[in-house]
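Chemist: Have a look at the structure that comes next, please.
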Amino acid sequence: MNKLSVTVLLASMLTVFANADSQKDVEIAKEVGRAFGEYVVLQETMLDAENRIGTVKEILFTMPSSENFEFGESKSPMGIYAIAKKTIGKCPKGGKWLITSHEKNGNLKFKCQIDAGCESLTPNLKSVCEYEVNQNASSVEEGIMKDSRDGKVYKTVKLPNVGQAWMAENLNYKIEGSRCLLDKKANCKKYGRLYTWNAAMKACPTGWRVPDSRDWIGLFIEAGWDGEKEGPKQEILEIGKKLKSKNGWRNNGNGTDDLKFTAQPGGLAIVSKNMFLEDAAAFWSSFESSRGDVLTYWVTFVRDDVLPAYGKKDDFLSVRCVKDE
């Protein structure tokens with residue numbers, strides 16, 4: 001998205017909303033357009049300056065003060081919402097607008113959700129929003145990747161809306177700081193190897209890397225997450241089922257494998273407790289906190305959700321490598 005298109009976009013948001021019930025409703029609804037338009041411009045500026053998307057705080061977005069709407073930061077750290085404080089036209093009190101951003105092929109994309117009745121007040125928001133994230137598994141492009149270091153071949157999936165290829169099975173490249181589940185070689189062949197974080201950061205083939213938190217969020221959105229649906233411990237609700245394999249999980253805790261990601265129960269090793277955990281899949285991200293621990297993502301047989309958790313670098317988890325297309 002270039003500067004000209006952003007300027008045109010912001011201007012279009014502030015034009016008359018033709019489908020509004022009255023001119024008064026039009027003027028009220030412009031508050032949402034102004035707020036979302038400013039947010040879009042600031043996100044685009046952050047992408048230009050830092051080559052990344054920023055959180056609301058990082059892009060210095062200030063939530064508007066309004067008699068008509070409550071504005072706030074969405075549970076996804078890269079989005080904002082507006083909630084109507086009163087009935088406005090056909091939009092009921094409590095009606096909600098939500099916009100979240102993600103990156104596709106170096107371009108900034110936005111997904112909007114607008115409650116029924118409220119969409120008639122903001123038709124021009126469609127010019128920046130992806131109302132439908134393609135959840136059709138047939139749209140996922142399957143492929144293969146050969147690791148030139150040891151000749152192993154991996155299944156891959158190219159996700160259409162985020163412009164990335166992901167490994168569709170766990171990395172199995174032997175390196176210092178890696179091991180097999182239960183220290184059994186057969187498990188490496190079945191599930192791939194488990195890695196410490198430091199080993200993981202060096203293990204991906206050339207051109208591939210360990211996904212950061214933004215990459216994981218993009219994957220979850222691709223699987224149908226709306227950026228909002230979280231549990232009390234920030235679980236990504238219902239998305240684990242879409243990432244899990246269709247078989248192999250205990251107590252019929254299988255998934256639908258919508259994206260051909262095929263997460264299997266490859267387990268992990270917790271060094272501080274000198275123990276392995278089976279019946280779970282746990283993946284590293286590249287995101288390191290100021291405390292020195294690392295953001296990880298888990299799926300288990302007992303739940304259909306993805307569980308974010310901070311882990312210790314010397315634990316052993318699975319690795320999925322990602323490649324920007």
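We label chains A, B, ... in the order they appear in the structure tokens, count residues from 1 in each chain, and number ligands from 1 in the order shown.
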Run DSSP on the backbone and grab whatever in region 208-255 of chain A lands in strand (DSSP E or B); send it over as a list in words.
Modeler: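 Here are the strand (DSSP E or B) residues of region 208-255 of chain A: Arg209, Glu230, Ile236 and Lys244 of chain A.
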Chemist: DSSP says helix (DSSP H, G or I) for which residues of region 227-296 of chain A? Put them as a VMD selection string?
Modeler: chain A and resid 239 to 243 250 to 252 271 to 273
Chemist: Which is closer to Ile236 (chain A) than all the others in A:Glu103, A:Pro308, A:Gly253, A:Cys188, using only C-alpha atoms?
Modeler: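 Looking only at the distances to Ile236 (chain A), the closest residue turns out to be A:Pro308.
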Chemist: Which residue gives the smallest distance to Glu169 (chain A) among A:Lys246, A:Lys90, A:Lys273, A:Lys260, with only C-alpha atoms counted?
Modeler: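 So, comparing all the options, the nearest one is A:Lys260.
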Chemist: If we count only C-alpha atoms, what is near Ser289 (chain A) at a cut-off of 9 Å, once residues fewer than 5 positions away on the same chain are taken out, given as an NGL selection string?
Modeler: :A and (294-295 or 310)
Chemist: What lies within 12 Å of region 57-70 of chain A using only C-alpha atoms, ignoring chain neighbours under 6 positions off, as an MDAnalysis selection string?
Modeler: chainID A and resid 24:25 27:50 77:88 91:98
